[in-house]
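Shown next, in structure tokens, is the structure this report addresses.
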Amino acid sequence: MGYSRTNNKAEIESLLCQFHGTQYYHSNLGGRCLYTDGIKAMAELCGAFWLLDAVESHQYNPEVGSVYFQIWNLKKTETGVWVLSMRTDDDQPFIVFQEISYSDFPLNEFEFYTIHQIMLLKNEY
């Protein structure tokens, strides 16, 4: 089942909170990472396959790719710049901190996990 892109934040959040576990694992061609049904739905709803590519590109860095549990966060700052960051736990420093000058991502913030190079929604954990 595919989802159509939308800018309706309530609709996106309502649909994404329905995912618990996954039936299938998906990948980009030749990709290093897999992702769950929930992450696939997010990418379709938000037009954000670029976000999956960005996270995957960081996995080629040994400092990132060797980390088993990763907390990823995409957040729009007050100045309109987006920040993609990754840490290993809430009380740990950022390992990745990437500024993105423009995005039309419909949510102001989105956080998800990568566990052993599988991207998943927090509620799919």
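Ordering of the structure tokens sets the chain letters (A, B, ...), residue numbers begin anew at 1 in every chain, and ligands are numbered from 1 in the order given.
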Mind checking DSSP for chain A and telling me the alpha helix (DSSP H) residues as a ChimeraX atom specification? /A:9-16,37-46,49-58,62-65
What residues in chain A get the DSSP label strand (DSSP E)? Please answer as a ChimeraX atom specification. /A:26-27,34-35,69-76,82-87,96-100,109-115,118-121
Which one is closest to Ile95 in chain A: A:Arg5, A:Lys75, A:His58, A:Lys40? Count only C-alpha atoms.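 Ranking A:Arg5, A:Lys75, A:His58, A:Lys40 by distance to Ile95 in chain A, first place goes to A:His58.
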Report as CSV the residues of range 2-112 of chain A within 8 Å of range 116-119 of chain A, each with its shortest atom pair and distance in Å (one decimal), using only C-alpha atoms, ordered by chain and increasing residue number.
```
residue,atom,partner,partner_atom,distance
A:Arg32,CA,A:Gln117,CA,7.3
A:Cys33,CA,A:Gln117,CA,4.9
A:Leu34,CA,A:Ile118,CA,4.7
A:Tyr35,CA,A:Met119,CA,4.5
A:Thr36,CA,A:Met119,CA,6.4
A:Ile39,CA,A:Met119,CA,6.8
A:Gln59,CA,A:Gln117,CA,7.6
A:Gly65,CA,A:Gln117,CA,7.5
A:Val67,CA,A:His116,CA,7.5
A:Tyr68,CA,A:His116,CA,4.8
A:Phe69,CA,A:His116,CA,6.6
A:Phe112,CA,A:Met119,CA,7.4
```
For the selection just defined, write its residues with N, CA and C atoms to a file, as a short mmCIF file (atom, residue, chain, number, x, y, z; two decimals), in the first residue's frame.
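Dumped everything to result_1.cif:
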```cif
data_model
loop_
_atom_site.label_atom_id
_atom_site.label_comp_id
_atom_site.auth_asym_id
_atom_site.auth_seq_id
_atom_site.Cartn_x
_atom_site.Cartn_y
_atom_site.Cartn_z
N ARG A 32 22.82 0.54 1.85
CA ARG A 32 23.48 -0.07 3.00
C ARG A 32 22.47 -0.33 4.12
N CYS A 33 21.38 0.45 4.14
CA CYS A 33 20.39 0.35 5.20
C CYS A 33 19.08 -0.24 4.67
N LEU A 34 18.36 -0.83 5.59
CA LEU A 34 16.99 -1.25 5.34
C LEU A 34 16.08 -0.30 6.12
N TYR A 35 14.80 -0.29 5.77
CA TYR A 35 13.84 0.49 6.55
C TYR A 35 12.51 -0.23 6.59
N THR A 36 11.76 0.08 7.64
CA THR A 36 10.50 -0.61 7.92
C THR A 36 9.35 -0.01 7.13
N ILE A 39 8.70 3.64 8.27
CA ILE A 39 9.62 4.62 7.68
C ILE A 39 9.29 4.84 6.21
N GLN A 59 26.12 6.27 7.28
CA GLN A 59 26.49 4.93 7.72
C GLN A 59 27.84 4.50 7.16
N GLY A 65 28.58 4.22 11.33
CA GLY A 65 28.14 2.91 10.89
C GLY A 65 28.39 1.79 11.88
N VAL A 67 27.98 2.08 15.08
CA VAL A 67 27.10 2.27 16.24
C VAL A 67 25.83 1.46 16.04
N TYR A 68 25.57 0.54 16.96
CA TYR A 68 24.43 -0.37 16.84
C TYR A 68 23.09 0.37 16.97
N PHE A 69 22.94 1.23 17.96
CA PHE A 69 21.69 1.94 18.22
C PHE A 69 21.90 3.43 17.99
N PHE A 112 13.50 9.28 14.94
CA PHE A 112 13.37 7.86 14.67
C PHE A 112 14.68 7.17 15.01
#
```
Do you have the CA of Thr77 in chain A-CA of Asn28 in chain A distance handy?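 If I compute the distance from CA of Thr77 in chain A to CA of Asn28 in chain A, I get 28.8 Å.
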Hey, what's within 8 Å of Val83 in chain A if we count only C-alpha atoms and toss same-chain stuff fewer than 3 positions away? As a short mmCIF file (atom, residue, chain, number, x, y, z; two decimals) with N, CA and C atoms, in the first residue's frame, please?
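Saved file out30.cif follows:
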```
data_model
loop_
_atom_site.label_atom_id
_atom_site.label_comp_id
_atom_site.auth_asym_id
_atom_site.auth_seq_id
_atom_site.Cartn_x
_atom_site.Cartn_y
_atom_site.Cartn_z
N ASN A 73 17.33 12.66 14.55
CA ASN A 73 16.37 13.73 14.73
C ASN A 73 16.53 14.74 13.59
N LEU A 74 15.41 15.08 12.99
CA LEU A 74 15.37 16.16 12.00
C LEU A 74 14.51 17.25 12.61
N LYS A 75 15.05 18.45 12.73
CA LYS A 75 14.34 19.53 13.42
C LYS A 75 14.54 20.85 12.69
N LYS A 76 13.45 21.59 12.56
CA LYS A 76 13.51 22.92 11.97
C LYS A 76 13.80 23.92 13.08
N THR A 77 14.83 24.74 12.87
CA THR A 77 15.20 25.73 13.88
C THR A 77 14.35 26.99 13.71
N PHE A 97 25.88 16.00 13.15
CA PHE A 97 25.18 17.28 13.25
C PHE A 97 25.31 17.93 11.87
N GLN A 98 24.27 17.83 11.07
CA GLN A 98 24.29 18.32 9.70
C GLN A 98 23.22 19.38 9.51
N GLU A 99 23.62 20.56 9.06
CA GLU A 99 22.66 21.61 8.76
C GLU A 99 22.17 21.46 7.33
N ILE A 100 20.87 21.67 7.14
CA ILE A 100 20.23 21.59 5.84
C ILE A 100 19.55 22.92 5.62
#
```
Residues near Gly47 in chain A, anyone? I mean within 9 Å using only C-alpha atoms, not counting same-chain ones fewer than 2 positions away, as number ranges by chain. A: 4-6, 42-45, 49-50, 104-106
Find, counting only C-alpha atoms, the residue in A:Cys46, A:Cys17, A:Met86, A:Leu52 that gets nearest to Gln70 in chain A. A:Met86
